[in-house]
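Colleague: To be precise about what I am sending: the file is called query_33.cif and holds mmCIF, C-alpha atoms, pLDDT in the B column; chains and numbers go by the auth columns.
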data_target
#
loop_
_atom_site.group_PDB
_atom_site.id
_atom_site.type_symbol
_atom_site.label_atom_id
_atom_site.label_comp_id
_atom_site.label_asym_id
_atom_site.label_seq_id
_atom_site.Cartn_x
_atom_site.Cartn_y
_atom_site.Cartn_z
_atom_site.B_iso_or_equiv
_atom_site.auth_seq_id
_atom_site.auth_asym_id
ATOM 1 C CA ASP A 1 0.000 0.000 0.000 56.00 1 B
ATOM 2 C CA LEU A 2 3.026 2.280 -0.352 58.00 2 B
ATOM 3 C CA LYS A 3 2.575 2.156 -4.116 59.00 3 B
ATOM 4 C CA ASP A 4 1.091 5.313 -5.601 59.00 4 B
ATOM 5 C CA PHE A 5 -2.297 4.522 -7.141 56.00 5 B
ATOM 6 C CA TYR A 6 -1.722 6.771 -10.155 54.00 6 B
ATOM 7 C CA THR A 7 2.006 6.381 -10.937 61.00 7 B
ATOM 8 C CA GLY A 8 2.624 2.866 -9.631 64.00 8 B
ATOM 9 C CA LYS A 9 5.790 4.116 -7.910 63.00 9 B
ATOM 10 C CA LEU A 10 6.697 3.547 -4.274 65.00 10 B
ATOM 11 C CA ARG A 11 6.290 6.561 -2.040 67.00 11 B
ATOM 12 C CA GLU A 12 7.576 7.539 1.380 77.00 12 B
ATOM 13 C CA LYS A 13 5.720 6.474 4.503 81.00 13 B
ATOM 14 C CA ASP A 14 3.668 9.360 5.825 84.00 14 B
ATOM 15 C CA SER A 15 0.969 10.154 8.355 87.00 15 B
ATOM 16 C CA TRP A 16 -1.837 9.195 5.967 85.00 16 B
ATOM 17 C CA TYR A 17 -0.257 5.789 5.370 86.00 17 B
ATOM 18 C CA ALA A 18 0.374 5.116 9.070 90.00 18 B
ATOM 19 C CA ASN A 19 -3.045 6.236 10.347 91.00 19 B
ATOM 20 C CA ASN A 20 -4.981 4.295 7.740 89.00 20 B
ATOM 21 C CA ARG A 21 -2.852 1.203 8.380 91.00 21 B
ATOM 22 C CA ALA A 22 -3.641 1.543 12.100 94.00 22 B
ATOM 23 C CA TYR A 23 -7.356 1.558 11.286 94.00 23 B
ATOM 24 C CA LEU A 24 -7.126 -1.445 8.943 94.00 24 B
ATOM 25 C CA LEU A 25 -5.085 -3.496 11.426 96.00 25 B
ATOM 26 C CA PHE A 26 -7.598 -2.654 14.157 97.00 26 B
ATOM 27 C CA VAL A 27 -10.511 -3.841 12.013 96.00 27 B
ATOM 28 C CA LEU A 28 -8.674 -7.090 11.176 96.00 28 B
ATOM 29 C CA SER A 29 -7.939 -7.752 14.850 96.00 29 B
ATOM 30 C CA GLU A 30 -11.567 -7.115 15.818 96.00 30 B
ATOM 31 C CA ALA A 31 -12.652 -9.592 13.123 96.00 31 B
ATOM 32 C CA GLY A 32 -10.259 -12.255 14.427 95.00 32 B
ATOM 33 C CA HIS A 33 -7.756 -11.930 11.581 96.00 33 B
ATOM 34 C CA GLY A 34 -5.062 -9.843 13.243 94.00 34 B
ATOM 35 C CA GLU A 35 -1.580 -9.398 11.815 94.00 35 B
ATOM 36 C CA VAL A 36 0.957 -9.432 14.650 96.00 36 B
ATOM 37 C CA GLY A 37 3.984 -8.730 12.448 95.00 37 B
ATOM 38 C CA LEU A 38 2.431 -5.755 10.664 94.00 38 B
ATOM 39 C CA THR A 39 1.147 -4.386 13.965 96.00 39 B
ATOM 40 C CA ASN A 40 4.599 -4.528 15.538 96.00 40 B
ATOM 41 C CA ASN A 41 6.088 -2.908 12.430 94.00 41 B
ATOM 42 C CA LEU A 42 3.586 -0.074 12.698 95.00 42 B
ATOM 43 C CA TYR A 43 4.599 0.520 16.300 97.00 43 B
ATOM 44 C CA GLU A 44 8.084 1.312 15.025 96.00 44 B
ATOM 45 C CA ASP A 45 6.493 4.035 12.875 94.00 45 B
ATOM 46 C CA LYS A 46 4.275 5.395 15.684 94.00 46 B
ATOM 47 C CA LYS A 47 5.789 8.871 15.312 94.00 47 B
ATOM 48 C CA LEU A 48 3.723 9.129 12.114 93.00 48 B
ATOM 49 C CA LEU A 49 0.469 8.384 13.922 94.00 49 B
ATOM 50 C CA GLY A 50 -2.086 10.926 15.054 93.00 50 B
ATOM 51 C CA ASN A 51 -3.961 10.456 18.332 95.00 51 B
ATOM 52 C CA GLY A 52 -6.734 8.497 16.644 94.00 52 B
ATOM 53 C CA GLY A 53 -4.209 6.173 14.986 94.00 53 B
ATOM 54 C CA LYS A 54 -2.441 5.641 18.319 96.00 54 B
ATOM 55 C CA ALA A 55 -5.748 4.694 19.949 97.00 55 B
ATOM 56 C CA TYR A 56 -6.393 2.115 17.192 97.00 56 B
ATOM 57 C CA LEU A 57 -2.847 0.721 17.526 97.00 57 B
ATOM 58 C CA THR A 58 -3.129 0.534 21.330 97.00 58 B
ATOM 59 C CA MET A 59 -6.294 -1.557 21.115 97.00 59 B
ATOM 60 C CA THR A 60 -4.812 -3.801 18.408 97.00 60 B
ATOM 61 C CA LEU A 61 -1.684 -4.479 20.475 97.00 61 B
ATOM 62 C CA LYS A 62 -3.862 -5.265 23.505 97.00 62 B
ATOM 63 C CA THR A 63 -5.867 -7.769 21.451 97.00 63 B
ATOM 64 C CA LEU A 64 -2.989 -9.477 19.643 97.00 64 B
ATOM 65 C CA THR A 65 -0.072 -9.142 22.060 95.00 65 B
ATOM 66 C CA PRO A 66 -1.411 -8.398 25.562 92.00 66 B
ATOM 67 C CA GLY A 67 2.033 -9.190 26.937 93.00 67 B
ATOM 68 C CA ALA A 68 3.581 -6.228 25.106 94.00 68 B
ATOM 69 C CA VAL A 69 3.068 -4.100 28.216 95.00 69 B
ATOM 70 C CA ASP A 70 5.906 -1.668 27.512 96.00 70 B
ATOM 71 C CA LYS A 71 4.579 -0.773 24.058 97.00 71 B
ATOM 72 C CA ILE A 72 0.996 -0.454 25.244 97.00 72 B
ATOM 73 C CA ASP A 73 1.934 1.665 28.268 96.00 73 B
ATOM 74 C CA GLN A 74 4.065 3.965 26.104 97.00 74 B
ATOM 75 C CA LEU A 75 1.139 4.608 23.760 97.00 75 B
ATOM 76 C CA VAL A 76 -1.151 5.233 26.730 97.00 76 B
ATOM 77 C CA LYS A 77 1.303 7.802 28.125 96.00 77 B
ATOM 78 C CA GLU A 78 1.482 9.574 24.758 96.00 78 B
ATOM 79 C CA LEU A 79 -2.331 9.742 24.605 96.00 79 B
ATOM 80 C CA GLU A 80 -2.530 10.980 28.209 96.00 80 B
ATOM 81 C CA SER A 81 -0.188 13.828 27.318 95.00 81 B
ATOM 82 C CA GLN A 82 -2.670 14.986 24.670 94.00 82 B
ATOM 83 C CA ALA A 83 -5.563 15.381 27.125 94.00 83 B
ATOM 84 C CA ARG A 84 -7.150 18.821 27.133 94.00 84 B
ATOM 85 C CA ILE A 85 -9.439 20.093 29.890 89.00 85 B
ATOM 86 C CA ASP A 86 -12.329 22.471 29.299 85.00 86 B
ATOM 87 C CA THR A 87 -15.475 23.404 31.190 78.00 87 B
ATOM 88 C CA ARG A 88 -17.293 20.267 29.959 80.00 88 B
ATOM 89 C CA GLY A 89 -14.700 17.647 30.982 89.00 89 B
ATOM 90 C CA THR A 90 -11.607 16.217 29.265 94.00 90 B
ATOM 91 C CA TYR A 91 -11.072 15.499 25.580 95.00 91 B
ATOM 92 C CA ILE A 92 -8.262 14.294 23.316 95.00 92 B
ATOM 93 C CA ARG A 93 -7.685 16.575 20.362 91.00 93 B
ATOM 94 C CA ASN A 94 -7.614 15.456 16.767 90.00 94 B
ATOM 95 C CA ASP A 95 -4.143 16.186 15.441 85.00 95 B
ATOM 96 C CA ALA A 96 -4.228 14.251 12.161 69.00 96 B
ATOM 97 C CA GLY A 97 -6.529 16.366 10.010 58.00 97 B
ATOM 98 C CA SER A 98 -10.125 15.619 9.062 49.00 98 B
ATOM 99 C CA SER A 99 -9.182 13.520 6.014 56.00 99 B
ATOM 100 C CA PHE A 100 -8.092 10.543 8.171 61.00 100 B
ATOM 101 C CA GLU A 101 -11.256 8.492 8.688 67.00 101 B
ATOM 102 C CA MET A 102 -13.252 11.703 9.235 84.00 102 B
ATOM 103 C CA MET A 103 -11.478 12.343 12.537 89.00 103 B
ATOM 104 C CA THR A 104 -12.719 15.029 14.913 92.00 104 B
ATOM 105 C CA ASN A 105 -12.049 15.802 18.571 93.00 105 B
ATOM 106 C CA THR A 106 -15.204 13.868 19.452 95.00 106 B
ATOM 107 C CA LYS A 107 -14.243 10.755 17.487 95.00 107 B
ATOM 108 C CA VAL A 108 -10.666 10.754 18.829 96.00 108 B
ATOM 109 C CA THR A 109 -11.936 11.164 22.400 97.00 109 B
ATOM 110 C CA ALA A 110 -14.324 8.235 21.889 97.00 110 B
ATOM 111 C CA LEU A 111 -11.505 6.038 20.555 97.00 111 B
ATOM 112 C CA VAL A 112 -9.232 6.917 23.475 97.00 112 B
ATOM 113 C CA LEU A 113 -12.071 6.195 25.924 97.00 113 B
ATOM 114 C CA GLN A 114 -12.526 2.809 24.246 97.00 114 B
ATOM 115 C CA ALA A 115 -8.775 2.090 24.412 97.00 115 B
ATOM 116 C CA PHE A 116 -8.431 3.113 28.071 97.00 116 B
ATOM 117 C CA ASP A 117 -11.499 1.062 28.946 95.00 117 B
ATOM 118 C CA ARG A 118 -9.914 -2.064 27.496 95.00 118 B
ATOM 119 C CA ILE A 119 -6.503 -1.475 29.066 95.00 119 B
ATOM 120 C CA HIS A 120 -6.991 0.557 32.260 94.00 120 B
ATOM 121 C CA PRO A 121 -10.727 0.575 33.105 92.00 121 B
ATOM 122 C CA ASP A 122 -9.989 2.439 36.346 92.00 122 B
ATOM 123 C CA HIS A 123 -7.983 5.169 34.634 94.00 123 B
ATOM 124 C CA PRO A 124 -8.575 8.531 36.384 93.00 124 B
ATOM 125 C CA LEU A 125 -9.496 10.257 33.096 93.00 125 B
ATOM 126 C CA MET A 126 -12.351 7.874 32.302 92.00 126 B
ATOM 127 C CA ALA A 127 -15.203 9.727 34.003 89.00 127 B
ATOM 128 C CA ARG A 128 -14.083 13.089 32.581 92.00 128 B
ATOM 129 C CA LEU A 129 -13.842 11.665 29.047 95.00 129 B
ATOM 130 C CA VAL A 130 -17.364 10.259 29.379 92.00 130 B
ATOM 131 C CA LYS A 131 -18.656 13.580 30.719 89.00 131 B
ATOM 132 C CA TRP A 132 -17.130 15.504 27.805 93.00 132 B
ATOM 133 C CA LEU A 133 -18.502 13.076 25.203 93.00 133 B
ATOM 134 C CA ILE A 134 -22.030 13.249 26.592 88.00 134 B
ATOM 135 C CA ALA A 135 -21.831 17.052 26.766 87.00 135 B
ATOM 136 C CA GLN A 136 -21.086 17.211 23.019 90.00 136 B
ATOM 137 C CA ARG A 137 -24.474 15.777 22.098 87.00 137 B
ATOM 138 C CA LYS A 138 -27.060 18.137 20.693 85.00 138 B
ATOM 139 C CA ASP A 139 -30.690 17.044 20.430 81.00 139 B
ATOM 140 C CA GLY A 140 -29.667 13.503 21.380 80.00 140 B
ATOM 141 C CA HIS A 141 -26.902 12.985 18.835 89.00 141 B
ATOM 142 C CA TRP A 142 -23.416 14.086 17.860 93.00 142 B
ATOM 143 C CA GLU A 143 -22.481 16.143 14.775 92.00 143 B
ATOM 144 C CA THR A 144 -21.569 13.400 12.273 92.00 144 B
ATOM 145 C CA THR A 145 -22.332 9.733 11.563 93.00 145 B
ATOM 146 C CA GLN A 146 -18.716 8.859 12.367 93.00 146 B
ATOM 147 C CA GLU A 147 -18.977 10.628 15.728 95.00 147 B
ATOM 148 C CA ASN A 148 -22.274 8.897 16.503 95.00 148 B
ATOM 149 C CA ALA A 149 -20.877 5.430 15.751 95.00 149 B
ATOM 150 C CA SER A 150 -17.597 5.914 17.636 95.00 150 B
ATOM 151 C CA ALA A 151 -19.176 7.564 20.675 95.00 151 B
ATOM 152 C CA LEU A 152 -21.957 4.984 21.011 94.00 152 B
ATOM 153 C CA ILE A 153 -19.537 2.055 20.735 95.00 153 B
ATOM 154 C CA ALA A 154 -17.150 3.579 23.292 95.00 154 B
ATOM 155 C CA LEU A 155 -19.913 4.521 25.737 92.00 155 B
ATOM 156 C CA THR A 156 -21.599 1.115 25.422 90.00 156 B
ATOM 157 C CA GLU A 157 -18.334 -0.662 26.240 93.00 157 B
ATOM 158 C CA TYR A 158 -17.817 1.719 29.157 92.00 158 B
ATOM 159 C CA LEU A 159 -21.301 1.104 30.525 86.00 159 B
ATOM 160 C CA GLN A 160 -20.911 -2.669 30.214 86.00 160 B
ATOM 161 C CA ILE A 161 -17.472 -2.829 31.848 88.00 161 B
ATOM 162 C CA HIS A 162 -18.440 -0.532 34.702 85.00 162 B
ATOM 163 C CA LYS A 163 -21.904 -2.078 35.040 82.00 163 B
ATOM 164 C CA GLU A 164 -23.544 1.308 34.684 78.00 164 B
ATOM 165 C CA LEU A 165 -26.313 -0.300 32.646 75.00 165 B
ATOM 166 C CA ASP A 166 -27.471 -1.616 36.029 82.00 166 B
ATOM 167 C CA ALA A 167 -28.130 1.956 37.218 85.00 167 B
ATOM 168 C CA GLU A 168 -31.291 2.348 39.244 89.00 168 B
ATOM 169 C CA TYR A 169 -31.589 5.582 41.180 92.00 169 B
ATOM 170 C CA LYS A 170 -33.573 8.765 41.691 94.00 170 B
ATOM 171 C CA ALA A 171 -31.749 12.029 41.039 93.00 171 B
ATOM 172 C CA LYS A 172 -32.579 15.393 42.572 94.00 172 B
ATOM 173 C CA VAL A 173 -31.368 18.931 41.873 94.00 173 B
ATOM 174 C CA SER A 174 -31.871 21.646 44.462 93.00 174 B
ATOM 175 C CA ILE A 175 -31.122 25.358 44.188 90.00 175 B
ATOM 176 C CA GLY A 176 -31.114 27.456 47.311 87.00 176 B
ATOM 177 C CA GLY A 177 -32.762 24.640 49.266 88.00 177 B
ATOM 178 C CA LYS A 178 -35.619 24.291 46.779 90.00 178 B
ATOM 179 C CA VAL A 179 -35.994 21.147 44.629 92.00 179 B
ATOM 180 C CA VAL A 180 -36.164 22.189 40.959 90.00 180 B
ATOM 181 C CA LYS A 181 -35.861 18.775 39.278 92.00 181 B
ATOM 182 C CA GLU A 182 -36.436 15.126 40.203 92.00 182 B
ATOM 183 C CA TYR A 183 -36.200 12.173 37.850 89.00 183 B
ATOM 184 C CA ALA A 184 -35.588 8.423 37.805 92.00 184 B
ATOM 185 C CA VAL A 185 -32.607 6.811 36.033 91.00 185 B
ATOM 186 C CA ASN A 186 -32.520 3.189 34.856 88.00 186 B
ATOM 187 C CA ALA A 187 -30.986 1.026 32.131 81.00 187 B
ATOM 188 C CA LYS A 188 -33.400 2.389 29.516 83.00 188 B
ATOM 189 C CA ASN A 189 -32.558 6.068 29.960 85.00 189 B
ATOM 190 C CA VAL A 190 -29.055 5.983 31.477 81.00 190 B
ATOM 191 C CA LEU A 191 -27.620 7.921 28.503 74.00 191 B
ATOM 192 C CA ASP A 192 -30.404 10.506 28.444 80.00 192 B
ATOM 193 C CA SER A 193 -29.601 13.998 29.652 79.00 193 B
ATOM 194 C CA LYS A 194 -31.822 16.500 31.450 83.00 194 B
ATOM 195 C CA GLU A 195 -31.475 20.256 31.184 85.00 195 B
ATOM 196 C CA ILE A 196 -32.424 22.865 33.747 88.00 196 B
ATOM 197 C CA LYS A 197 -32.317 26.566 32.884 89.00 197 B
ATOM 198 C CA GLN A 198 -32.369 29.228 35.554 88.00 198 B
ATOM 199 C CA SER A 199 -32.196 33.000 35.341 87.00 199 B
ATOM 200 C CA LEU A 200 -29.357 34.707 37.207 82.00 200 B
ATOM 201 C CA GLY A 201 -32.075 36.617 39.007 81.00 201 B
ATOM 202 C CA ASN A 202 -32.871 33.415 40.907 82.00 202 B
ATOM 203 C CA PHE A 203 -29.436 33.433 42.522 85.00 203 B
ATOM 204 C CA ASP A 204 -28.088 35.465 45.412 82.00 204 B
ATOM 205 C CA ARG A 205 -25.110 37.348 43.972 75.00 205 B
ATOM 206 C CA GLY A 206 -24.001 38.657 47.335 74.00 206 B
ATOM 207 C CA GLY A 207 -23.096 37.196 50.682 75.00 207 B
ATOM 208 C CA SER A 208 -22.601 33.432 50.696 80.00 208 B
ATOM 209 C CA GLY A 209 -24.254 32.884 47.298 84.00 209 B
ATOM 210 C CA THR A 210 -26.866 30.271 46.382 88.00 210 B
ATOM 211 C CA PRO A 211 -26.015 26.580 46.921 90.00 211 B
ATOM 212 C CA ILE A 212 -26.671 24.133 44.058 91.00 212 B
ATOM 213 C CA VAL A 213 -26.961 20.524 45.223 93.00 213 B
ATOM 214 C CA PHE A 214 -26.994 17.372 43.050 94.00 214 B
ATOM 215 C CA SER A 215 -28.001 14.215 44.906 93.00 215 B
ATOM 216 C CA LYS A 216 -29.149 10.684 44.170 92.00 216 B
ATOM 217 C CA ASP A 217 -30.695 7.764 45.989 92.00 217 B
ATOM 218 C CA GLY A 218 -29.873 4.287 44.637 91.00 218 B
ATOM 219 C CA LYS A 219 -27.071 2.575 42.703 88.00 219 B
ATOM 220 C CA GLY A 220 -25.237 4.087 39.764 84.00 220 B
ATOM 221 C CA ARG A 221 -23.184 7.172 38.942 82.00 221 B
ATOM 222 C CA LEU A 222 -24.713 10.612 38.459 85.00 222 B
ATOM 223 C CA TYR A 223 -22.997 12.879 35.917 80.00 223 B
ATOM 224 C CA TYR A 224 -23.708 16.591 36.023 80.00 224 B
ATOM 225 C CA ASP A 225 -22.485 19.770 34.413 77.00 225 B
ATOM 226 C CA ILE A 226 -22.986 23.495 35.075 81.00 226 B
ATOM 227 C CA ALA A 227 -22.577 26.197 32.427 78.00 227 B
ATOM 228 C CA LEU A 228 -23.036 29.970 32.612 80.00 228 B
ATOM 229 C CA LYS A 229 -24.226 31.968 29.612 80.00 229 B
ATOM 230 C CA TYR A 230 -24.520 35.740 29.680 79.00 230 B
ATOM 231 C CA PHE A 231 -24.607 38.686 27.300 82.00 231 B
ATOM 232 C CA LEU A 232 -22.993 42.061 27.728 82.00 232 B
ATOM 233 C CA PRO A 233 -24.823 45.230 26.655 82.00 233 B
ATOM 234 C CA ILE A 234 -23.639 46.844 23.433 81.00 234 B
ATOM 235 C CA GLU A 235 -22.300 50.334 23.900 76.00 235 B
ATOM 236 C CA LYS A 236 -24.158 52.913 21.846 65.00 236 B
#
Could you show the structure in this file as structure tokens?
Modeller:
Amino acid sequence: DLKDFYTGKLREKDSWYANNRAYLLFVLSEAGHGEVGLTNNLYEDKKLLGNGGKAYLTMTLKTLTPGAVDKIDQLVKELESQARIDTRGTYIRNDAGSSFEMMTNTKVTALVLQAFDRIHPDHPLMARLVKWLIAQRKDGHWETTQENASALIALTEYLQIHKELDAEYKAKVSIGGKVVKEYAVNAKNVLDSKEIKQSLGNFDRGGSGTPIVFSKDGKGRLYYDIALKYFLPIEK
């Protein structure tokens, strides 16, 4: 696959070659037809891989050569170093361009979540990656088909491994001592999100402020997020 399609001549290895090979080797390993030799060769070219390609290679190595701990841990460290924190959680940026398998920050974050889940299910970034992924949904879905597929696969694996599909609890949100939202969470709606909008006028902006309390009764993990939106007056 280093032969140019148009000229028939061999070309230099590049990022496009390495990232697409990582994807193909991952698919083969998932289908039970993994190539150990080609996978190990690709590891030697890992400097050509973007974050999405490294996530694919990490999972392939785990499947085919689980004893290759040094290689797997090195890839995990390189992915950890790419973590970015914003107000919605933690994400892994896409650094390979959109042409590689339609990569975006959301898809790369989903792939890294999937990789960490298979290798280090108790990794401290897991909950923040999940929180960020869920926060990217708009009207119940992500921006592209590729994002939808990758995020759903990663989140499903996460829920199965951590038994969060067994969630059964009642959640409550209180503002200033007053309950503003109550709802039940179970296996059928565990990925659903609820939104509460409040005017700043409902909050005490002086003194000790207004407490916001999230609580639950039952088994399962409650994810929550707070965002502030405001507009400044335009000077005439």
Colleague: Which residue is closest to Arg221 in chain B? Choose from B:Arg205, B:Ala127, B:Lys194, B:Ile92 and count all atoms listed in the file.
Modeller: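 Counting all atoms listed in the file, the residue closest to Arg221 in chain B is B:Ala127.
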Colleague: Evaluate the PyMOL selection byres ((chain B and resi 50-52) around 9) on the structure here and hand back the selected residues as a PyMOL selection string.
Modeller: chain B and resi 15+18-19+22-23+46-49+53-57+78-79+82+92-97+100+103+107-109+111-112
Colleague: Could you produce a table of the residues of range 187-212 of chain B lying within 12 Å of range 151-163 of chain B, with the nearest pair of atoms per residue and their separation in Å rounded to one decimal, using all atoms listed in the file, ordered by chain and increasing residue number, as a tab-separated table?
Modeller:
residue	atom	partner	partner_atom	distance
B:Ala187	CA	B:Leu159	CA	9.8
B:Val190	CA	B:Leu159	CA	9.2
B:Leu191	CA	B:Leu155	CA	8.9
Colleague: Between CA of Leu129 in chain B and CA of Thr90 in chain B, what distance in Å does the model show, to one decimal?
Modeller: 5.1 Å
Colleague: Between B:Lys178, B:Leu64, B:Thr58, B:Asn20, which has the minimum distance to Val36 in chain B (counting all atoms listed in the file)?
Modeller: B:Leu64
Colleague: Pick out the closest residue to Asp117 in chain B from this set: B:Ala68, B:Met59, B:Met102, B:Leu38. Count only C-alpha atoms.
Modeller: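 Smallest separation from Asp117 in chain B among the options: B:Met59.
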Colleague: Apply the PyMOL selection byres ((chain B and resi 37) around 12) to the structure shown and report the selected residues as a ChimeraX atom specification.
Modeller: /B:25,34-36,38-44,60-61,64-65
Colleague: I'd like the contact shell of Glu182 in chain B - 8 Å cut-off, only C-alpha atoms, skipping same-chain residues fewer than 4 positions apart - returned as a list in words.
Modeller: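 Once the adjacent positions are removed, what remains is Lys170, Ala171, Lys172 and Val173 of chain B.
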Colleague: B:Ala83, B:Val76, B:Val213, B:Ala135: which is nearest Ala227 in chain B, counting all atoms listed in the file?
Modeller: B:Ala135
Colleague: Determine, counting all atoms listed in the file, which protein, DNA and RNA residues have an atom within 12 Å of an atom of Glu143 in chain B; residues of the same chain fewer than 4 positions away are not included. Present the result as a ChimeraX atom specification.
Modeller: /B:102-107,133,136-139,147-151
Colleague: Given the file above and the PyMOL selection byres ((chain B and resi 89) around 6), which residues are selected, and can you give them as an MDAnalysis selection string?
Modeller: chainID B and resid 85:88 90 128 131:132
Colleague: Measuring atom to atom with all atoms listed in the file, identify which of B:Gly220, B:Asp204, B:Gly209, B:Glu30 is nearest to Asn186 in chain B.
Modeller: B:Gly220
Colleague: For CA of Glu80 in chain B and CA of Gly32 in chain B, determine how far apart the two atoms are, in Å to one decimal place.
Modeller: 28.1 Å
Colleague: CA of Ile212 in chain B to CA of Ile175 in chain B: how many Å, to one decimal?
Modeller: 4.6 Å
Colleague: Let me make sure I understand: among B:Arg21, B:Arg84, B:Lys62, B:Lys229, which one has the smallest atom-to-atom distance to Lys197 in chain B if we use all atoms listed in the file?
Modeller: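 Closest residue, counting all atoms listed in the file: B:Lys229.
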Colleague: Starting from the sparse input, extend range 212-226 of chain B to N, CA, C and O atoms and give the output as a PDB file, in the coordinates of the input.
Modeller:
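Final output, rebuild-v1.pdb:
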ATOM      1  N   ILE B 212     -26.076  25.052  45.038  1.00 91.00           N
ATOM      2  CA  ILE B 212     -26.671  24.133  44.058  1.00 91.00           C
ATOM      3  C   ILE B 212     -26.270  22.730  44.473  1.00 91.00           C
ATOM      4  O   ILE B 212     -25.080  22.426  44.579  1.00 91.00           O
ATOM      5  N   VAL B 213     -27.237  21.865  44.705  1.00 93.00           N
ATOM      6  CA  VAL B 213     -26.961  20.524  45.223  1.00 93.00           C
ATOM      7  C   VAL B 213     -27.495  19.462  44.262  1.00 93.00           C
ATOM      8  O   VAL B 213     -28.677  19.476  43.878  1.00 93.00           O
ATOM      9  N   PHE B 214     -26.612  18.536  43.855  1.00 94.00           N
ATOM     10  CA  PHE B 214     -26.994  17.372  43.050  1.00 94.00           C
ATOM     11  C   PHE B 214     -26.928  16.163  43.981  1.00 94.00           C
ATOM     12  O   PHE B 214     -25.916  15.940  44.644  1.00 94.00           O
ATOM     13  N   SER B 215     -27.995  15.383  44.028  1.00 93.00           N
ATOM     14  CA  SER B 215     -28.001  14.215  44.906  1.00 93.00           C
ATOM     15  C   SER B 215     -28.722  13.059  44.221  1.00 93.00           C
ATOM     16  O   SER B 215     -29.458  13.252  43.248  1.00 93.00           O
ATOM     17  N   LYS B 216     -28.471  11.860  44.718  1.00 92.00           N
ATOM     18  CA  LYS B 216     -29.149  10.684  44.170  1.00 92.00           C
ATOM     19  C   LYS B 216     -29.383   9.670  45.273  1.00 92.00           C
ATOM     20  O   LYS B 216     -28.678   9.648  46.292  1.00 92.00           O
ATOM     21  N   ASP B 217     -30.367   8.823  45.051  1.00 92.00           N
ATOM     22  CA  ASP B 217     -30.695   7.764  45.989  1.00 92.00           C
ATOM     23  C   ASP B 217     -30.813   6.472  45.194  1.00 92.00           C
ATOM     24  O   ASP B 217     -31.728   6.322  44.383  1.00 92.00           O
ATOM     25  N   GLY B 218     -29.877   5.532  45.393  1.00 91.00           N
ATOM     26  CA  GLY B 218     -29.873   4.287  44.637  1.00 91.00           C
ATOM     27  C   GLY B 218     -28.487   4.001  44.086  1.00 91.00           C
ATOM     28  O   GLY B 218     -27.522   4.687  44.386  1.00 91.00           O
ATOM     29  N   LYS B 219     -28.377   2.976  43.231  1.00 88.00           N
ATOM     30  CA  LYS B 219     -27.071   2.575  42.703  1.00 88.00           C
ATOM     31  C   LYS B 219     -26.842   3.162  41.311  1.00 88.00           C
ATOM     32  O   LYS B 219     -27.760   3.294  40.510  1.00 88.00           O
ATOM     33  N   GLY B 220     -25.594   3.496  41.052  1.00 84.00           N
ATOM     34  CA  GLY B 220     -25.237   4.087  39.764  1.00 84.00           C
ATOM     35  C   GLY B 220     -24.533   5.416  39.951  1.00 84.00           C
ATOM     36  O   GLY B 220     -24.529   5.984  41.056  1.00 84.00           O
ATOM     37  N   ARG B 221     -23.937   5.922  38.885  1.00 82.00           N
ATOM     38  CA  ARG B 221     -23.184   7.172  38.942  1.00 82.00           C
ATOM     39  C   ARG B 221     -23.986   8.302  38.299  1.00 82.00           C
ATOM     40  O   ARG B 221     -24.550   8.125  37.221  1.00 82.00           O
ATOM     41  N   LEU B 222     -24.011   9.429  38.968  1.00 85.00           N
ATOM     42  CA  LEU B 222     -24.713  10.612  38.459  1.00 85.00           C
ATOM     43  C   LEU B 222     -23.689  11.579  37.862  1.00 85.00           C
ATOM     44  O   LEU B 222     -22.753  11.992  38.530  1.00 85.00           O
ATOM     45  N   TYR B 223     -23.870  11.909  36.583  1.00 80.00           N
ATOM     46  CA  TYR B 223     -22.997  12.879  35.917  1.00 80.00           C
ATOM     47  C   TYR B 223     -23.746  14.203  35.820  1.00 80.00           C
ATOM     48  O   TYR B 223     -24.932  14.233  35.467  1.00 80.00           O
ATOM     49  N   TYR B 224     -23.056  15.296  36.120  1.00 80.00           N
ATOM     50  CA  TYR B 224     -23.708  16.591  36.023  1.00 80.00           C
ATOM     51  C   TYR B 224     -22.727  17.631  35.495  1.00 80.00           C
ATOM     52  O   TYR B 224     -21.513  17.449  35.509  1.00 80.00           O
ATOM     53  N   ASP B 225     -23.281  18.723  35.040  1.00 77.00           N
ATOM     54  CA  ASP B 225     -22.485  19.770  34.413  1.00 77.00           C
ATOM     55  C   ASP B 225     -23.187  21.101  34.651  1.00 77.00           C
ATOM     56  O   ASP B 225     -24.431  21.161  34.661  1.00 77.00           O
ATOM     57  N   ILE B 226     -22.416  22.160  34.880  1.00 81.00           N
ATOM     58  CA  ILE B 226     -22.986  23.495  35.075  1.00 81.00           C
ATOM     59  C   ILE B 226     -22.328  24.454  34.084  1.00 81.00           C
ATOM     60  O   ILE B 226     -21.105  24.460  33.946  1.00 81.00           O
TER      61      ILE B 226
END
